[in-house]
Structure formats: structure tokens, C-alpha cells
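Asks: Take a look at the following structure, please.
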Amino acid sequence: MKFIIALAFLAVALAAPQGDKKPIEIISSNSEMNADGSYSFNFESADGTKVSESGNQKKVGPKDEDIGTVSKGSYSYTSPDGVVITVNWTADENGFQATGDHLPTPPPMPEHVVKMLADLKAAGLL
């Protein structure tokens with residue numbers, strides 16, 4: 001399912017008006033869908049853009065029917081200023097989590113907050 005969604009996004013992006021630009025060639029593309037619900041795909045375009053994703057079915061709740069897809073992947077591209085931007089991500093029962101050197105990170109927690117959380121946990125309130 002995610003593969004189809006990803007291909008739909010790719011199709012929309014490729015269908016956008018290109019003006020005088022030539023289409024960017026896809027130099028490699030692989031995909032695999034298995035009977036157990038696992039899948040993987042990746043592609044690379046001539047401009048250096050790379051995308052990869054894999055996923056599988058996982059029990060995410062107490063009932064046998066609580067099955068969900070967990071996925072992980074990455075994508076990279078070259079920014080207009082020539083820097084390669086890479087995002088690695090995971091999507092599972094904990095939500096979508098992306099990492100990348102270019103993404104902002106929160107400042108560290110102040111010491112008094114760390115101590116307060118530790119005290120609350122020790123008291124059984126967390």
C-alpha cells in the first residue's frame with residue numbers, strides 16, 4: 001500500500017509542468033512485494049536523488065488482529081546550494097520519526113527538569 005502511495009507521489013511530481021526542463025532519468029529502480037506483507041523498493045535518478053523503503057507486518061496491540069505495517073527508509077537529494085540532504089526515517093507503533101543532520105533538534109532539557117522527572121519516576125508518578 002505504501003509503495004502505491006509513494007509511486008502516486010512520484011507520478012504527481014513527475015507530472016508537474018517542467019517548463020523547458022528535460023525530465024530527470026531514473027537510472028535504477030527495484031521493488032519487491034511479498035505474500036507475508038513485507039515489501040521493499042528503491043530508486044535512484046540521474047540527478048543523484050535516492051529513495052529506499054522497506055516494511056513488514058507487525059503485531060502492534062494485544063489482539064491477534066492488531067496488525068500494522070512498520071516501515072523504515074531514507075531519501076537524499078542535492079540542495080540548490082550543492083549540499084547532499086539525507087533523511088533517515090522510521091514509521092512504526094511510535095509514529096513517524098525522521099533524522100537528518102539538517103533537521104532542527106530541541107535544546108537539552110534543563111537540569112532541574114531532568115531531576116524533577118527522575119524524582120517523579122522514583123515516586124511512581126510517571
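We label chains A, B, ... in the order they appear in the C-alpha cells, count residues from 1 in each chain, and number ligands from 1 in the order shown.
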If DSSP is run on the backbone, what residues of chain A are strand (DSSP E)? A reply as an MDAnalysis selection string would be ideal.
Replies: chainID A and resid 26:33 39:45 50:59 67:78 84:92 95:99
Asks: Do you know which residues are at most 7 Å from stretch 89-102 of chain A counting only C-alpha atoms, after dropping those on the same chain fewer than 4 positions away, and could you put them as a list in words?
Replies: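 Counting only the stated atoms, we get Val60, Val70, Ser71, Lys72, Gly73 and Ser74 of chain A.
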Asks: Please provide as number ranges by chain all residues within 12 Å of A:Ser79, with the sequence filter that same-chain residues fewer than 4 positions apart are discarded (counting only C-alpha atoms).
Replies: A: 47-49, 83-86, 102
Asks: Quick one: write out the picked residues with all heavy atoms as a CSV table (one decimal), in the first residue's frame?
Replies:
```csv
chain,number,residue,atom,x,y,z
A,47,ASP,N,19.9,12.8,-11.3
A,47,ASP,CA,20.3,14.0,-10.6
A,47,ASP,C,20.9,13.7,-9.2
A,47,ASP,O,21.2,14.5,-8.4
A,47,ASP,CB,19.2,15.0,-10.5
A,47,ASP,CG,18.1,14.6,-9.6
A,47,ASP,OD1,18.0,13.4,-9.2
A,47,ASP,OD2,17.2,15.4,-9.4
A,48,GLY,N,21.0,12.4,-8.8
A,48,GLY,CA,21.5,11.9,-7.5
A,48,GLY,C,20.5,11.7,-6.5
A,48,GLY,O,20.8,11.3,-5.4
A,49,THR,N,19.2,11.9,-6.8
A,49,THR,CA,18.2,11.7,-5.8
A,49,THR,C,18.1,10.2,-5.6
A,49,THR,O,18.1,9.4,-6.5
A,49,THR,CB,16.8,12.2,-6.3
A,49,THR,OG1,16.9,13.6,-6.5
A,49,THR,CG2,15.7,11.9,-5.3
A,83,VAL,N,24.6,21.0,-1.4
A,83,VAL,CA,24.7,20.1,-0.2
A,83,VAL,C,23.8,18.9,-0.3
A,83,VAL,O,22.6,19.0,-0.7
A,83,VAL,CB,24.4,20.9,1.1
A,83,VAL,CG1,24.5,20.0,2.3
A,83,VAL,CG2,25.3,22.1,1.3
A,84,VAL,N,24.3,17.7,-0.1
A,84,VAL,CA,23.5,16.5,-0.1
A,84,VAL,C,22.7,16.4,1.2
A,84,VAL,O,23.3,16.4,2.3
A,84,VAL,CB,24.4,15.2,-0.3
A,84,VAL,CG1,23.5,14.0,-0.2
A,84,VAL,CG2,25.1,15.3,-1.7
A,85,ILE,N,21.4,16.4,1.0
A,85,ILE,CA,20.5,16.3,2.2
A,85,ILE,C,20.0,14.8,2.3
A,85,ILE,O,19.5,14.3,1.3
A,85,ILE,CB,19.3,17.2,2.0
A,85,ILE,CG1,19.7,18.7,1.7
A,85,ILE,CG2,18.3,17.1,3.1
A,85,ILE,CD1,20.4,19.3,2.9
A,86,THR,N,20.2,14.2,3.5
A,86,THR,CA,19.7,12.9,3.7
A,86,THR,C,18.8,12.8,4.9
A,86,THR,O,19.1,13.4,5.9
A,86,THR,CB,21.0,11.9,3.9
A,86,THR,OG1,21.8,12.0,2.8
A,86,THR,CG2,20.5,10.5,4.1
A,102,HIS,N,20.4,18.0,8.8
A,102,HIS,CA,19.9,19.4,8.5
A,102,HIS,C,18.6,19.7,9.3
A,102,HIS,O,18.2,20.8,9.3
A,102,HIS,CB,19.6,19.4,7.0
A,102,HIS,CG,18.5,18.5,6.7
A,102,HIS,ND1,18.6,17.1,6.7
A,102,HIS,CD2,17.2,18.7,6.3
A,102,HIS,CE1,17.5,16.5,6.3
A,102,HIS,NE2,16.6,17.5,6.1
```
Asks: Find, counting only C-alpha atoms, the residue in A:Glu44, A:Asp119, A:Asp66, A:Glu53 that gets nearest to A:Ser28.
Replies: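 Of A:Glu44, A:Asp119, A:Asp66, A:Glu53, the one nearest A:Ser28, counting only C-alpha atoms, is A:Glu44.
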Asks: Go through A:Ala35, A:Ala122, A:Asn42, A:His112 one by one, measure the shortest atom-to-atom distance of each to A:Ser76 using only C-alpha atoms, and give the residue with the smallest value.
Replies: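 Closest to A:Ser76 of all the choices is A:Asn42.
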